[in-house]
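Trainee: This is the content of coords14.cif (mmCIF, C-alpha atoms):
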```cif
data_start
loop_
_atom_site.group_PDB
_atom_site.id
_atom_site.type_symbol
_atom_site.label_atom_id
_atom_site.label_comp_id
_atom_site.auth_asym_id
_atom_site.auth_seq_id
_atom_site.Cartn_x
_atom_site.Cartn_y
_atom_site.Cartn_z
ATOM 1 C CA MET P 1 24.810 1.651 -18.226
ATOM 2 C CA LYS P 2 22.299 -1.192 -18.337
ATOM 3 C CA CYS P 3 19.354 -1.361 -16.002
ATOM 4 C CA LYS P 4 19.642 -4.664 -14.177
ATOM 5 C CA HIS P 5 16.611 -4.012 -12.010
ATOM 6 C CA LYS P 6 14.221 -4.313 -15.005
ATOM 7 C CA LYS P 7 14.815 -8.059 -15.023
ATOM 8 C CA LEU P 8 13.368 -8.282 -11.507
ATOM 9 C CA ILE P 9 10.003 -6.680 -12.333
ATOM 10 C CA PRO P 10 8.237 -9.977 -13.270
ATOM 11 C CA LEU P 11 9.600 -11.538 -10.093
ATOM 12 C CA PHE P 12 8.155 -8.738 -7.954
ATOM 13 C CA ILE P 13 4.800 -9.009 -9.734
ATOM 14 C CA LEU P 14 4.646 -12.750 -9.039
ATOM 15 C CA LEU P 15 5.761 -12.163 -5.468
ATOM 16 C CA GLY P 16 2.998 -9.578 -4.968
ATOM 17 C CA ILE P 17 0.359 -11.967 -6.328
ATOM 18 C CA GLY P 18 1.678 -14.725 -4.062
ATOM 19 C CA VAL P 19 1.527 -12.470 -1.002
ATOM 20 C CA ALA P 20 -2.070 -11.484 -1.864
ATOM 21 C CA PHE P 21 -3.127 -15.140 -2.072
ATOM 22 C CA LEU P 22 -1.295 -15.950 1.139
ATOM 23 C CA ALA P 23 -2.978 -13.027 2.928
ATOM 24 C CA GLY P 24 -6.405 -14.309 1.842
ATOM 25 C CA TRP P 25 -5.600 -17.732 3.218
ATOM 26 C CA VAL P 26 -4.413 -16.230 6.520
ATOM 27 C CA VAL P 27 -7.637 -14.183 6.848
ATOM 28 C CA GLN P 28 -9.698 -17.311 6.180
ATOM 29 C CA LEU P 29 -7.720 -19.340 8.700
ATOM 30 C CA LEU P 30 -7.917 -16.697 11.444
ATOM 31 C CA TRP P 31 -11.601 -15.994 10.839
ATOM 32 C CA ASN P 32 -12.538 -19.668 10.916
ATOM 33 C CA SER P 33 -10.496 -20.320 14.054
ATOM 34 C CA THR P 34 -11.823 -17.360 16.070
ATOM 35 C CA ILE P 35 -15.081 -15.890 14.810
ATOM 36 C CA THR P 36 -16.787 -19.217 14.144
ATOM 37 C CA VAL P 37 -15.950 -20.405 17.658
ATOM 38 C CA VAL P 38 -16.838 -17.206 19.506
ATOM 39 C CA PHE P 39 -20.054 -16.323 17.648
ATOM 40 C CA GLU P 40 -20.984 -19.836 16.484
ATOM 41 C CA SER P 41 -21.196 -18.765 12.836
ATOM 42 C CA ASN P 42 -20.474 -20.627 9.615
ATOM 43 C CA PRO P 43 -16.884 -20.854 8.391
ATOM 44 C CA ILE P 44 -15.924 -18.728 5.393
ATOM 45 C CA THR P 45 -14.354 -19.828 2.109
ATOM 46 C CA TYR P 46 -11.039 -18.686 0.681
ATOM 47 C CA TRP P 47 -12.684 -16.164 -1.670
ATOM 48 C CA GLN P 48 -14.747 -14.732 1.162
ATOM 49 C CA GLY P 49 -11.463 -14.222 3.023
ATOM 50 C CA ILE P 50 -10.084 -12.313 0.026
ATOM 51 C CA MET P 51 -13.229 -10.155 -0.068
ATOM 52 C CA LEU P 52 -12.949 -9.455 3.675
ATOM 53 C CA LEU P 53 -9.334 -8.403 3.193
ATOM 54 C CA LEU P 54 -10.361 -6.059 0.379
ATOM 55 C CA LEU P 55 -13.243 -4.658 2.448
ATOM 56 C CA PHE P 56 -10.968 -3.986 5.435
ATOM 57 C CA LYS P 57 -8.458 -2.289 3.138
ATOM 58 C CA ILE P 58 -11.134 0.033 1.763
ATOM 59 C CA LEU P 59 -12.700 0.806 5.136
ATOM 60 C CA PHE P 60 -9.586 1.355 7.224
ATOM 61 C CA SER P 61 -7.070 2.939 4.850
ATOM 62 C CA SER P 62 -8.986 4.826 2.190
ATOM 63 C CA HIS P 63 -8.354 8.393 3.398
ATOM 64 C CA TYR P 64 -4.955 8.004 5.040
ATOM 65 C CA ASN P 65 -2.934 9.755 2.323
ATOM 66 C CA VAL P 66 -5.334 12.695 2.128
ATOM 67 C CA HIS P 67 -5.136 13.205 5.889
ATOM 68 C CA LYS P 68 -1.358 12.795 5.832
ATOM 69 C CA GLU P 69 -0.908 15.535 3.194
ATOM 70 C CA HIS P 70 -3.264 17.853 5.083
ATOM 71 C CA HIS P 71 -1.334 17.225 8.310
ATOM 72 C CA LYS P 72 1.991 18.041 6.649
ATOM 73 C CA LYS P 73 0.694 21.288 5.170
ATOM 74 C CA MET P 74 -1.145 22.515 8.240
ATOM 75 C CA HIS P 75 1.055 21.391 11.130
ATOM 76 C CA HIS P 76 4.535 21.369 9.573
ATOM 77 C CA PRO P 77 4.646 24.253 7.098
ATOM 78 C CA GLN P 78 7.937 24.892 5.364
ATOM 79 C CA PRO P 79 9.496 28.339 5.492
ATOM 80 C CA GLU P 80 9.244 30.457 2.354
ATOM 81 C CA PHE P 81 13.018 30.283 1.769
ATOM 82 C CA ILE P 82 12.977 26.489 1.630
ATOM 83 C CA ARG P 83 9.953 26.375 -0.675
ATOM 84 C CA LYS P 84 11.500 28.828 -3.149
ATOM 85 C CA HIS P 85 15.059 27.570 -3.305
ATOM 86 C CA PHE P 86 15.108 23.886 -2.494
ATOM 87 C CA ILE P 87 11.808 22.389 -3.584
ATOM 88 C CA ASP P 88 11.842 23.974 -7.046
ATOM 89 C CA GLU P 89 15.420 22.813 -7.632
ATOM 90 C CA LYS P 90 14.568 19.308 -6.508
ATOM 91 C CA ASP P 91 11.577 19.153 -8.870
ATOM 92 C CA GLU P 92 13.768 20.243 -11.787
ATOM 93 C CA GLU P 93 16.324 17.548 -10.971
ATOM 94 C CA ASP P 94 13.622 14.867 -10.797
ATOM 95 C CA THR P 95 12.356 15.716 -14.280
ATOM 96 C CA GLY P 96 15.771 15.062 -15.827
ATOM 97 C CA SER P 97 16.252 12.338 -18.408
ATOM 98 C CA ASP P 98 16.161 8.840 -17.019
ATOM 99 C CA THR P 99 17.683 6.205 -19.260
ATOM 100 C CA CYS P 100 16.270 3.208 -17.409
#
```
Have the structure of the file written as structure tokens, please.
Mentor:
Amino acid sequence: MKCKHKKLIPLFILLGIGVAFLAGWVVQLLWNSTITVVFESNPITYWQGIMLLLLFKILFSSHYNVHKEHHKKMHHPQPEFIRKHFIDEKDEEDTGSDTC
């Protein structure tokens, strides 16, 4: 069985880069149309928009996964039966040979 999805990897990489550049342009456009008018500041460049996007990503989503794992363990614990019988079997199945 051939893996047809491997041919799409370069397309997804290019699509991801395109979305990142588009997001920077959108941040620049929104910043220049709102913040410069409201606070009478200087407009920002495209690269400053990219840096703002990166800064917001770091500030507002850096610890989400850590909190999410803590929440799952503390507030939704799994019974001992499920941990012993189902999770171990699932982990063994996931480590099987993958030909793709």
Trainee: Give me, please, the distance in Å between atom CA of P:Leu52 and atom CA of P:Leu11, quoted to one decimal.
Mentor: 26.5 Å
Trainee: Find the residues around stretch 24-31 of chain P up to 12 Å (only C-alpha atoms counted), leave out those fewer than 6 positions away in its own chain, and share them as a ChimeraX atom specification.
Mentor: /P:17-18,37-56
Trainee: What is the distance between atom CA of P:Phe60 and atom CA of P:Ala20, in Å to one decimal?
Mentor: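 Result for atom CA of P:Phe60 versus atom CA of P:Ala20: 17.4 Å, one decimal.
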Trainee: Mind pulling up the distance from atom CA of P:Phe21 to atom CA of P:Ser33?
Mentor: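 Atom-to-atom, atom CA of P:Ser33 and atom CA of P:Phe21 are spaced 18.5 Å apart.
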